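Notes to accompany the following structure.
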Amino acid sequence: MTEIRALIFDMDGVIVNSNPLHVEAWKVYNSRFGIGMDEAMQQRMFGKRNDELVRAFFGDHLTPDEVFAHGAAKEALYREMTGDRLEQMLVPGIREFLQLHAARPKGVGTNAEPPNVNFVLDGAQLRPYFRAVVDGHQVEHAKPHPGIYLKVAALLGVDPAHCVVFEDSHSGVKAALTAGMTVVGLSTTHAEMPGVSLLVPDFQDPRLATWLGERLSAV
């Protein structure tokens, strides 16, 4: 049984249950350009970085500046639509879970845009819990490439083999597994999460405490 020394969290769908609102924000934003979103497109967007999504929606002909502008405008719309509901959107039990493990090395590894990371971690006053925060702009390749999670582990000073990642997307699970980490899945986005060692709906599930208790190292 692998000893767990550090906890690493994806953000959207793990810390904050934001994916339904991200879908709505993309629908509203894309409708301004006459672009519809079917169910297949919605499913493909989870766990992707914005540059990939913008090119998927608008085409590969866009310049890097145009890609960035579309992504930034959509995220500004998402934050506007969130308004003062951020606390209500936190995944149940996340704040208490972070407090319980306050002394353990923890990090965030997300494909999200930096303004969204700041919006969530600072807006919900969660940033002090994390020793390392890596977003999609700090690595060359986004998830499912393992770079984000490997960088978080390096910043925490913990070998990837001793890290557990909390993920809600299939691409994120692939990234963490490729990095050599253990994965706990949250079913906020997908009902099935192949490859995870444990699947729970949120951080209040008693199975999580039991599973972690058997594997956590001394702080």
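Following the order of the structure tokens, first chain is A, next is B, and so on, with residues numbered from 1 inside each chain and ligands from 1 in the order they appear.
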(Q) DSSP on the backbone, strand (DSSP E) only: what residues of segment 124-167 of chain A does that give? Format it as a PyMOL selection string. (A) chain A and resi 132-134+163-167
Q. When DSSP works through the backbone of this structure, what residues of segment 61-209 of chain A end up as alpha helix (DSSP H), shown as an NGL selection string?
A. :A and (64-82 or 86-89 or 94-100 or 114-123 or 147-156 or 170-178 or 206-209)
Just the selected residues (C-alpha atoms), exported as a PDB file, in the first residue's frame, please.
ATOM      1  CA  PRO A  64      -3.019  33.116 -30.608  1.00  0.00           C
ATOM      2  CA  ASP A  65      -4.205  36.592 -29.608  1.00  0.00           C
ATOM      3  CA  GLU A  66      -7.715  35.867 -30.869  1.00  0.00           C
ATOM      4  CA  VAL A  67      -7.776  32.545 -29.029  1.00  0.00           C
ATOM      5  CA  PHE A  68      -6.714  34.262 -25.821  1.00  0.00           C
ATOM      6  CA  ALA A  69      -9.295  37.040 -26.249  1.00  0.00           C
ATOM      7  CA  HIS A  70     -12.175  34.587 -26.716  1.00  0.00           C
ATOM      8  CA  GLY A  71     -11.097  32.546 -23.700  1.00  0.00           C
ATOM      9  CA  ALA A  72     -10.675  35.600 -21.479  1.00  0.00           C
ATOM     10  CA  ALA A  73     -14.070  37.000 -22.519  1.00  0.00           C
ATOM     11  CA  LYS A  74     -15.834  33.724 -21.785  1.00  0.00           C
ATOM     12  CA  GLU A  75     -14.191  33.434 -18.364  1.00  0.00           C
ATOM     13  CA  ALA A  76     -15.154  36.999 -17.503  1.00  0.00           C
ATOM     14  CA  LEU A  77     -18.736  36.030 -18.357  1.00  0.00           C
ATOM     15  CA  TYR A  78     -18.455  32.925 -16.141  1.00  0.00           C
ATOM     16  CA  ARG A  79     -17.259  35.008 -13.182  1.00  0.00           C
ATOM     17  CA  GLU A  80     -20.066  37.506 -13.769  1.00  0.00           C
ATOM     18  CA  MET A  81     -22.629  34.693 -13.861  1.00  0.00           C
ATOM     19  CA  THR A  82     -21.207  33.215 -10.642  1.00  0.00           C
ATOM     20  CA  LEU A  86     -19.206  31.027  -4.941  1.00  0.00           C
ATOM     21  CA  GLU A  87     -19.568  29.737  -1.377  1.00  0.00           C
ATOM     22  CA  GLN A  88     -22.724  27.837  -2.338  1.00  0.00           C
ATOM     23  CA  MET A  89     -20.893  26.254  -5.280  1.00  0.00           C
ATOM     24  CA  ILE A  94     -14.070  20.688   0.906  1.00  0.00           C
ATOM     25  CA  ARG A  95     -13.470  23.463   3.437  1.00  0.00           C
ATOM     26  CA  GLU A  96     -13.665  21.101   6.406  1.00  0.00           C
ATOM     27  CA  PHE A  97     -11.452  18.578   4.614  1.00  0.00           C
ATOM     28  CA  LEU A  98      -8.777  21.205   3.986  1.00  0.00           C
ATOM     29  CA  GLN A  99      -8.958  22.320   7.619  1.00  0.00           C
ATOM     30  CA  LEU A 100      -8.632  18.713   8.826  1.00  0.00           C
ATOM     31  CA  PRO A 114      -5.283  32.356 -13.773  1.00  0.00           C
ATOM     32  CA  PRO A 115      -8.111  34.884 -13.171  1.00  0.00           C
ATOM     33  CA  ASN A 116     -10.492  32.006 -12.423  1.00  0.00           C
ATOM     34  CA  VAL A 117      -7.993  30.415 -10.041  1.00  0.00           C
ATOM     35  CA  ASN A 118      -7.679  33.722  -8.199  1.00  0.00           C
ATOM     36  CA  PHE A 119     -11.451  34.176  -8.248  1.00  0.00           C
ATOM     37  CA  VAL A 120     -12.061  30.817  -6.560  1.00  0.00           C
ATOM     38  CA  LEU A 121      -9.124  30.483  -4.171  1.00  0.00           C
ATOM     39  CA  ASP A 122      -9.139  34.100  -3.017  1.00  0.00           C
ATOM     40  CA  GLY A 123     -12.894  34.608  -3.227  1.00  0.00           C
ATOM     41  CA  GLY A 147       3.069  18.251 -16.570  1.00  0.00           C
ATOM     42  CA  ILE A 148       0.727  20.179 -14.281  1.00  0.00           C
ATOM     43  CA  TYR A 149       0.707  17.487 -11.612  1.00  0.00           C
ATOM     44  CA  LEU A 150       4.418  16.825 -11.851  1.00  0.00           C
ATOM     45  CA  LYS A 151       5.080  20.541 -11.331  1.00  0.00           C
ATOM     46  CA  VAL A 152       2.816  20.651  -8.271  1.00  0.00           C
ATOM     47  CA  ALA A 153       4.606  17.653  -6.753  1.00  0.00           C
ATOM     48  CA  ALA A 154       8.005  19.255  -7.424  1.00  0.00           C
ATOM     49  CA  LEU A 155       6.924  22.497  -5.754  1.00  0.00           C
ATOM     50  CA  LEU A 156       5.665  20.539  -2.745  1.00  0.00           C
ATOM     51  CA  HIS A 170     -11.184  11.730 -17.450  1.00  0.00           C
ATOM     52  CA  SER A 171      -8.336  13.831 -18.840  1.00  0.00           C
ATOM     53  CA  GLY A 172      -7.307  14.811 -15.320  1.00  0.00           C
ATOM     54  CA  VAL A 173      -7.304  11.189 -14.164  1.00  0.00           C
ATOM     55  CA  LYS A 174      -5.099  10.277 -17.120  1.00  0.00           C
ATOM     56  CA  ALA A 175      -2.708  13.129 -16.292  1.00  0.00           C
ATOM     57  CA  ALA A 176      -2.390  12.065 -12.654  1.00  0.00           C
ATOM     58  CA  LEU A 177      -1.955   8.383 -13.449  1.00  0.00           C
ATOM     59  CA  THR A 178       0.663   9.165 -16.086  1.00  0.00           C
ATOM     60  CA  PRO A 206     -17.138   8.549   5.131  1.00  0.00           C
ATOM     61  CA  ARG A 207     -15.387   6.111   2.782  1.00  0.00           C
ATOM     62  CA  LEU A 208     -12.858   8.819   1.968  1.00  0.00           C
ATOM     63  CA  ALA A 209     -11.803   9.244   5.593  1.00  0.00           C
TER      64      ALA A 209
END
Q) atom CA of His145 of chain A and atom CA of Leu199 of chain A are how many Å apart? A) 21.8 Å
Q.
Could you tell me how far atom CA of Asp202 of chain A sits from atom CA of Gly93 of chain A, in Å to one decimal place?
A. 6.8 Å
Q: Find the residue from A:Asp60, A:Glu24, A:Asp205, A:Asp159 that sits nearest to Ile4 of chain A; use only C-alpha atoms when measuring.
A: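 Among the listed residues, the smallest separation from Ile4 of chain A belongs to A:Asp159.
For the atom pair formed by atom CA of His61 of chain A and atom CA of Ala112 of chain A, the distance is 22.9 Å, given to one decimal.
Using only C-alpha atoms, the shortest contact distance between Phe46 of chain A and any of A:Ser217, A:Gln125, A:Thr2, A:Asn19 is found at A:Asn19.
Between Ser18 of chain A and the candidates A:Val200, A:Val184, A:Ala132, A:Val91, the tightest atom-to-atom separation, counting only C-alpha atoms, involves A:Val91.
When only C-alpha atoms are used to compute distances to Leu198 of chain A, the closest of the residues A:Val164, A:Val108, A:Ala142, A:Leu7 turns out to be A:Val164.
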Q. A:Phe57, A:Val133, A:Ala218, A:Trp211: which is nearest Lys27 of chain A, counting only C-alpha atoms?
A. A:Phe57
Q: Compare A:Asp10, A:Glu167, A:Asp51, A:Glu39 by their minimum atom-to-atom distance to Val196 of chain A, counting only C-alpha atoms, and give me the closest one.
A: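 Checking each candidate against Val196 of chain A, we get A:Glu167 as the closest.
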